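**Student:** To be precise about what I am sending: the file is called final07.cif and holds mmCIF, C-alpha atoms.
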data_input
loop_
_atom_site.label_atom_id
_atom_site.label_comp_id
_atom_site.auth_asym_id
_atom_site.auth_seq_id
_atom_site.Cartn_x
_atom_site.Cartn_y
_atom_site.Cartn_z
CA MET A 99 59.40 71.02 140.91
CA THR A 100 58.80 70.42 137.19
CA GLN A 101 60.35 73.57 135.63
CA ILE A 102 63.84 74.82 136.47
CA THR A 103 64.19 78.15 134.69
CA GLU A 104 64.78 81.83 135.34
CA ASP A 105 61.11 82.05 136.38
CA THR A 106 61.55 79.47 139.17
CA PHE A 107 65.02 80.58 140.32
CA GLU A 108 63.78 81.85 143.70
CA GLN A 109 62.25 78.45 144.47
CA VAL A 110 65.40 76.68 143.29
CA LEU A 111 67.55 78.96 145.46
CA HIS A 112 65.42 78.16 148.53
CA LEU A 113 65.49 74.42 147.77
CA PHE A 114 69.27 74.23 147.37
CA LYS A 115 70.01 76.35 150.42
CA GLU A 116 67.52 74.78 152.82
CA SER A 117 67.14 71.12 151.83
CA PRO A 118 69.72 68.51 152.86
CA GLU A 119 68.95 66.60 149.64
CA ILE A 120 67.80 68.07 146.32
CA ASP A 121 65.05 66.16 144.54
CA LEU A 122 64.83 67.04 140.82
CA ARG A 123 63.27 63.73 139.76
CA GLU A 124 60.03 65.34 138.54
CA ALA A 125 61.77 68.03 136.45
CA SER A 126 60.48 67.98 132.88
CA PHE A 127 62.25 71.12 131.61
CA ILE A 128 65.57 72.79 132.53
CA ASP A 129 66.77 75.76 130.49
CA PRO A 130 70.27 77.36 130.42
CA ALA A 131 69.37 79.66 133.35
CA GLY A 132 68.32 76.58 135.33
CA MET A 133 71.48 74.63 134.51
CA VAL A 134 73.87 77.51 135.13
CA GLY A 135 71.95 78.48 138.28
CA ILE A 136 72.31 74.97 139.71
CA LEU A 137 76.07 75.03 139.06
CA GLU A 138 76.46 78.45 140.71
CA LEU A 139 74.51 77.17 143.72
CA GLY A 140 76.88 74.19 143.79
CA GLU A 141 79.85 76.56 143.79
CA LEU A 142 78.27 78.57 146.63
CA LEU A 143 77.69 75.41 148.70
CA GLN A 144 81.25 74.28 147.99
CA SER A 145 82.59 77.62 149.27
CA GLU A 146 80.63 76.99 152.48
CA GLY A 147 82.11 73.49 152.81
CA SER A 148 78.88 71.74 151.85
CA ARG A 149 78.28 69.01 149.26
CA LYS A 150 74.69 67.89 148.80
CA THR A 151 73.07 64.97 147.02
CA VAL A 152 71.03 65.81 143.90
CA TYR A 153 68.48 63.30 142.61
CA LEU A 154 68.53 63.70 138.84
CA PRO A 155 65.40 64.00 136.65
CA LYS A 156 63.70 60.75 135.68
CA SER A 157 62.99 62.14 132.20
CA GLU A 158 65.52 60.78 129.71
CA GLU A 159 64.79 63.74 127.44
CA VAL A 160 65.90 66.15 130.18
CA LEU A 161 68.99 64.04 130.93
CA LYS A 162 69.90 64.16 127.22
CA TYR A 163 69.72 67.96 127.23
CA LEU A 164 71.81 68.17 130.41
CA GLU A 165 74.42 65.91 128.82
CA ARG A 166 74.33 67.84 125.54
CA MET A 167 74.89 71.12 127.42
CA ASP A 168 77.91 69.64 129.28
CA PHE A 169 76.11 70.05 132.61
CA PHE A 170 77.55 66.80 134.01
CA LYS A 171 81.09 67.91 133.19
CA PHE A 172 80.80 70.45 136.04
CA ALA A 173 78.03 69.11 138.30
CA ASP A 174 80.16 66.17 139.46
CA SER A 175 82.57 68.52 141.23
CA TYR A 176 79.80 70.17 143.28
CA PHE A 177 77.23 67.46 144.05
CA ASN A 178 76.76 63.80 144.78
CA LEU A 179 74.57 62.85 141.82
CA GLU A 180 71.97 60.08 142.02
CA PRO A 181 72.27 58.07 139.89
CA PRO A 182 76.02 58.87 139.67
CA LYS A 183 76.23 57.84 136.00
CA PRO A 184 72.78 58.31 134.44
CA LYS A 185 72.06 56.00 131.52
CA ILE A 186 71.30 57.94 128.34
CA SER A 187 70.37 55.80 125.35
CA GLY A 188 70.72 58.15 122.36
CA LYS A 189 72.78 61.30 122.85
CA TYR A 190 72.00 64.49 120.93
CA LEU A 191 74.21 65.14 117.92
CA ARG A 192 76.82 67.85 118.26
CA SER A 193 76.33 69.50 114.89
CA SER A 194 75.24 72.78 113.31
CA TYR A 195 71.74 71.33 113.23
CA SER A 196 71.65 71.16 117.02
CA ASP A 197 69.71 73.84 118.93
CA VAL A 198 72.72 74.51 121.18
CA LEU A 199 74.58 77.74 120.47
CA LEU A 200 76.95 77.27 123.40
CA GLU A 201 77.37 74.47 125.91
CA ILE A 202 77.84 75.52 129.52
CA THR A 203 81.25 77.16 129.53
CA PRO A 204 83.26 78.66 132.40
CA ILE A 205 84.46 82.28 132.21
CA GLU A 206 87.58 83.06 134.21
CA LYS A 207 89.84 85.08 131.93
CA SER A 208 89.69 87.13 128.72
CA ASP A 209 90.89 84.16 126.65
CA ASP A 210 87.68 82.35 127.62
CA ILE A 211 85.64 85.12 125.99
CA HIS A 212 87.61 84.77 122.72
CA PHE A 213 86.88 81.04 122.78
CA ILE A 214 83.17 81.62 123.55
CA VAL A 215 82.76 84.23 120.79
CA GLY A 216 84.54 81.98 118.28
CA ARG A 217 82.38 78.98 119.16
CA VAL A 218 79.15 80.99 118.98
CA LYS A 219 80.15 82.67 115.69
CA ASP A 220 80.50 79.23 114.12
CA ARG A 221 76.95 78.29 115.12
CA ALA A 222 75.13 81.63 115.08
CA ASN A 223 74.70 81.76 111.32
CA ALA A 224 73.17 78.29 111.22
CA ILE A 225 70.91 78.71 114.25
CA LEU A 226 70.03 82.41 114.40
CA LYS A 227 69.53 82.76 110.63
CA ARG A 228 67.46 79.61 110.32
CA HIS A 229 65.36 79.84 113.47
CA LEU A 230 65.22 83.53 114.44
CA ASN A 231 65.50 85.02 110.91
CA TYR A 232 68.43 87.21 111.98
CA ASP A 233 70.45 88.94 109.28
CA GLU A 234 74.21 89.56 109.38
CA LYS A 235 73.84 92.87 111.26
CA ALA A 236 71.65 91.28 113.94
CA ILE A 237 74.02 88.32 114.34
CA ASN A 238 77.00 90.68 114.74
CA GLY A 239 75.00 92.61 117.36
CA PHE A 240 74.27 89.35 119.13
CA ILE A 241 77.98 88.47 119.24
CA VAL A 242 78.90 91.91 120.60
CA ALA A 243 76.17 91.70 123.28
CA LEU A 244 77.36 88.23 124.32
CA SER A 245 80.95 89.44 124.52
CA GLU A 246 79.90 92.38 126.72
CA VAL A 247 77.92 90.32 129.25
CA CYS A 248 80.83 87.87 129.52
CA GLN A 249 83.33 90.73 129.89
CA ASN A 250 81.17 92.02 132.74
CA ILE A 251 82.19 88.92 134.73
CA ILE A 252 85.91 89.42 134.06
CA GLU A 253 85.83 93.12 135.01
CA HIS A 254 83.40 93.18 137.90
CA SER A 255 82.85 89.82 139.51
CA GLU A 256 86.33 88.97 140.87
CA ASN A 257 85.18 85.38 140.47
CA ARG A 258 84.57 82.90 137.69
CA GLY A 259 81.22 82.52 136.02
CA PHE A 260 79.33 80.28 133.61
CA VAL A 261 77.50 80.94 130.35
CA GLY A 262 75.11 78.74 128.35
CA ILE A 263 72.96 79.47 125.25
CA GLN A 264 70.22 77.43 123.60
CA LYS A 265 67.41 77.86 121.07
CA TYR A 266 63.88 76.71 121.93
CA HIS A 267 60.50 76.72 120.28
CA PHE A 268 57.88 78.09 122.67
CA HIS A 269 54.61 76.45 121.67
CA GLN A 270 52.23 77.58 124.38
CA LYS A 271 52.76 81.27 125.06
CA ILE A 272 54.05 82.73 121.80
CA ASN A 273 54.52 79.89 119.26
CA LYS A 274 57.90 81.24 118.16
CA ASN A 275 61.56 80.35 118.38
CA VAL A 276 63.64 82.04 121.09
CA ALA A 277 67.31 82.00 122.02
CA LYS A 278 68.05 81.96 125.75
CA ILE A 279 71.35 83.27 127.09
CA ALA A 280 72.29 82.74 130.75
CA VAL A 281 75.43 84.32 132.24
CA MET A 282 76.04 84.06 135.99
CA ASP A 283 78.80 84.52 138.55
CA LEU A 284 79.26 84.50 142.32
CA GLY A 285 81.37 87.65 142.46
CA ILE A 286 80.99 90.90 144.35
CA GLY A 287 77.79 91.95 142.59
CA PHE A 288 76.67 95.29 141.17
CA LYS A 289 76.28 97.25 144.42
CA LYS A 290 79.74 96.51 145.78
CA SER A 291 81.33 97.03 142.38
CA LEU A 292 79.71 100.41 141.71
CA SER A 293 79.74 101.73 145.29
CA GLU A 294 83.46 102.41 144.87
CA ARG A 295 82.39 105.39 142.72
CA PHE A 296 78.70 106.07 143.41
CA PRO A 297 76.55 106.44 146.55
CA LEU A 298 73.99 103.62 146.25
CA LYS A 299 71.05 102.84 148.50
CA ASN A 300 70.47 99.25 147.46
CA ASP A 301 71.05 96.48 144.92
CA PHE A 302 68.20 97.57 142.66
CA GLU A 303 69.62 101.07 142.27
CA ALA A 304 73.01 99.59 141.37
CA ILE A 305 71.56 97.33 138.64
CA GLU A 306 69.49 100.22 137.26
CA LYS A 307 72.54 102.49 137.15
CA ALA A 308 74.58 99.94 135.21
CA LEU A 309 71.87 98.85 132.78
CA LEU A 310 70.15 102.17 132.05
CA HIS A 311 72.99 104.66 132.55
CA GLY A 312 76.13 102.71 131.67
CA ALA A 313 77.73 103.25 135.09
CA SER A 314 81.08 101.58 135.71
CA ARG A 315 83.42 101.06 138.66
CA TYR A 316 86.18 102.41 136.37
CA VAL A 317 86.89 106.09 135.80
CA ASP A 318 88.37 105.55 132.31
CA LYS A 319 86.33 107.02 129.46
CA GLY A 320 84.64 104.40 127.35
CA ARG A 321 84.44 101.88 130.19
CA GLY A 322 81.14 100.73 131.63
CA HIS A 323 78.94 101.18 128.58
CA GLY A 324 78.80 97.44 127.96
CA LEU A 325 75.50 96.63 129.63
CA ALA A 326 73.87 99.79 128.30
CA ALA A 327 74.91 98.67 124.80
CA VAL A 328 73.50 95.19 125.48
CA ARG A 329 70.21 96.79 126.57
CA ARG A 330 70.04 98.79 123.33
CA PHE A 331 70.68 95.68 121.23
CA VAL A 332 68.08 93.63 123.12
CA LYS A 333 65.53 96.44 122.77
CA GLN A 334 66.25 96.84 119.05
CA TRP A 335 65.47 93.15 118.48
CA ASN A 336 62.45 93.12 120.80
CA GLY A 337 64.14 90.87 123.37
CA LYS A 338 63.96 90.56 127.13
CA ILE A 339 66.81 91.13 129.58
CA SER A 340 66.84 90.59 133.31
CA ILE A 341 69.60 91.09 135.86
CA ARG A 342 69.53 89.73 139.40
CA SER A 343 72.17 90.76 141.93
CA GLY A 344 72.16 90.58 145.71
CA THR A 345 68.53 90.97 146.80
CA ALA A 346 67.09 92.63 143.68
CA LYS A 347 66.14 91.90 140.08
CA PHE A 348 65.46 94.34 137.26
CA SER A 349 63.90 93.21 133.97
CA ILE A 350 63.09 94.96 130.71
CA ILE A 351 60.10 93.10 129.35
CA PRO A 352 58.66 93.41 125.80
CA LYS A 353 54.97 92.85 125.08
CA TRP A 354 55.37 89.17 124.13
CA ALA A 355 57.23 88.25 127.34
CA TRP A 356 56.24 87.87 130.99
CA GLY A 357 57.65 88.58 134.45
CA LYS A 358 58.01 91.45 136.90
CA GLU A 359 59.99 94.56 136.00
CA LYS A 360 61.11 95.32 139.55
CA GLU A 361 61.76 92.80 142.33
CA THR A 362 63.32 93.69 145.67
CA LYS A 363 63.76 92.04 149.08
CA LEU A 364 64.69 88.73 147.46
CA VAL A 365 66.80 86.12 149.24
CA TYR A 366 70.40 87.32 149.04
CA PHE A 367 72.48 85.62 146.35
CA SER A 368 75.97 86.89 145.61
CA GLY A 369 77.29 87.99 142.24
CA SER A 370 75.12 88.66 139.22
CA GLN A 371 72.74 86.58 137.15
CA ILE A 372 72.00 87.91 133.64
CA ASN A 373 69.36 86.35 131.41
CA ILE A 374 68.53 87.39 127.84
CA MET A 375 65.75 86.07 125.60
CA LEU A 376 65.73 86.92 121.90
CA ILE A 377 62.69 86.14 119.78
CA GLU A 378 62.19 85.08 116.17
CA ILE A 379 61.46 88.07 113.92
#
Show me the file's structure as structure tokens.

**Tutor:**
Amino acid sequence: MTQITEDTFEQVLHLFKESPEIDLREASFIDPAGMVGILELGELLQSEGSRKTVYLPKSEEVLKYLERMDFFKFADSYFNLEPPKPKISGKYLRSSYSDVLLEITPIEKSDDIHFIVGRVKDRANAILKRHLNYDEKAINGFIVALSEVCQNIIEHSENRGFVGIQKYHFHQKINKNVAKIAVMDLGIGFKKSLSERFPLKNDFEAIEKALLHGASRYVDKGRGHGLAAVRRFVKQWNGKISIRSGTAKFSIIPKWAWGKEKETKLVYFSGSQINIMLIEI
């Protein structure tokens, strides 16, 4: 497997669940969704009493990105890594000129969200203004959207999650800069969360109800509009959002992007996996 991204998540899920050893040596690209997805799979295996060996990518460039995103800070607790201490010659600089908006960061309590928002605010002006041409209003909208998807984990997952954000330049498909946000948890998922208040047939209906109609497990007025607000922001800035939960995935896809809008009968994976892509304007 050469690409470990949102697009290849189903293959990655199968590989990690079925293979006794995980061979990532040929990986040439791993994005935030790939990194966070691997860590969530590690947490799932750990909860099942399993600890697998992962053979790390041979590409030093990929290893540098993994190190820069703090992937190894968490991966060690879930997997036996081979090599256990990968040699990385020149590490990426941790500065405002880096493409990283947020290293992989755990979300367990509300204080974590304050830390995440503060960290991203410091870097958003430098990265989003320079690379995506976002103005102050757009950057504020970005911060609010990020806060909402993180809050979704605190309120609905009953578990901890991870978030990671990075800017890329996509040469082949669109030749533009994009920011990728990945937020995932292994909690109860959308269907179980919302079925306390709504009759739901399946996971897809639950995701749709939350994303399109602002449904919440809470009766309080003003609660549950977070994801609907995120959808409006993403649409306003011509971005892409996808949510996977249980056995279903629902994506809102602009003209420049790719993927399937509706996916059902997927391999069950607990919790929720939210991916957002924002494009240079």

**Student:** Just checking: using all atoms listed in the file, which residue out of A:Asn373, A:Gln249, A:Ser145, A:Ser255 ends up closest to Ala277 of chain A?

**Tutor:**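 Residue with the minimum atom-to-atom distance to Ala277 of chain A: A:Asn373.
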
**Student:** For the file shown, what are the residues hit by the PyMOL selection byres ((chain A and resi 180) around 8), laid out as a list of chain:residue names?

**Tutor:** A:Thr151, A:Val152, A:Tyr153, A:Leu154, A:Asn178, A:Leu179, A:Pro181, A:Pro182, A:Lys183, A:Pro184

**Student:** At a cut-off of 9 Å, using all atoms listed in the file, what residues contact Ala327 of chain A? Leave out same-chain residues fewer than 2 positions from it and give the result as a PyMOL selection string.

**Tutor:** chain A and resi 242-243+246+309+312+323-325+329-332

**Student:** What is the atom CA of Ile252 of chain A to atom CA of Val215 of chain A distance in Å?

**Tutor:**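 It comes out at 14.6 Å.
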
**Student:** Pick out the closest residue to Ile379 of chain A from this set: A:Ala346, A:Val110, A:Leu164, A:Val276. Count all atoms listed in the file.

**Tutor:** A:Val276

**Student:** Find the spatial neighbours of Leu226 of chain A, counting only C-alpha atoms, within a cut-off of 9 Å - ignore same-chain residues fewer than 5 positions away - and output them as a list in words.

**Tutor:**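 Everything that qualifies: Leu199, Arg221, Asn231, Tyr232, Asp233, Ile237, Lys265, Ala277 and Glu378 of chain A.
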
**Student:** Report as a PyMOL selection string the residues that result from applying the PyMOL selection byres ((chain A and resi 291) around 9) to the structure here.

**Tutor:** chain A and resi 254-255+286-290+292-295+304+314-315

**Student:** Check the smallest atom-to-atom distance from each of A:Ile128, A:Ile372, A:Met282, A:Leu137 to Phe170 of chain A using all atoms listed in the file, then report the winner.

**Tutor:**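 Closest to Phe170 of chain A, using all atoms listed in the file: A:Leu137.
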
**Student:** Given the file shown, determine the residues that the PyMOL selection byres ((chain A and resi 158) around 12) selects; report them as a VMD selection string.

**Tutor:** chain A and resid 123 to 127 154 to 157 159 to 165 184 to 190

**Student:** Separation of atom CA of Ser343 of chain A and atom CA of Gly369 of chain A, in Å?

**Tutor:**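 Computed distance, atom CA of Ser343 of chain A to atom CA of Gly369 of chain A, equals 5.8 Å.
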
**Student:** Using all atoms listed in the file, which protein or nucleic acid residues come within 6 Å of Ile202 of chain A? Drop anything in the same chain fewer than 4 positions from it, and give the result as number ranges by chain.

**Tutor:** A: 167-168, 261-262

**Student:** Restricting the output to C-alpha atoms, write the selected residues as a tab-separated table (two decimals), in the frame of the given file.

**Tutor:**
chain	number	residue	atom	x	y	z
A	167	MET	CA	74.89	71.12	127.42
A	168	ASP	CA	77.91	69.64	129.28
A	261	VAL	CA	77.50	80.94	130.35
A	262	GLY	CA	75.11	78.74	128.35

**Student:** Choose the residue, out of A:Lys115, A:Lys150, A:Lys363, A:Arg342, that has the smallest atom-to-atom separation from Ala280 of chain A; count all atoms listed in the file.

**Tutor:**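 Closest candidate: A:Arg342.
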
**Student:** Between A:Glu141, A:Glu119, A:Asp210, A:Asp129, single out the one closest to Asp105 of chain A, counting only C-alpha atoms.

**Tutor:**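 Checking each candidate against Asp105 of chain A, we get A:Asp129 as the closest.
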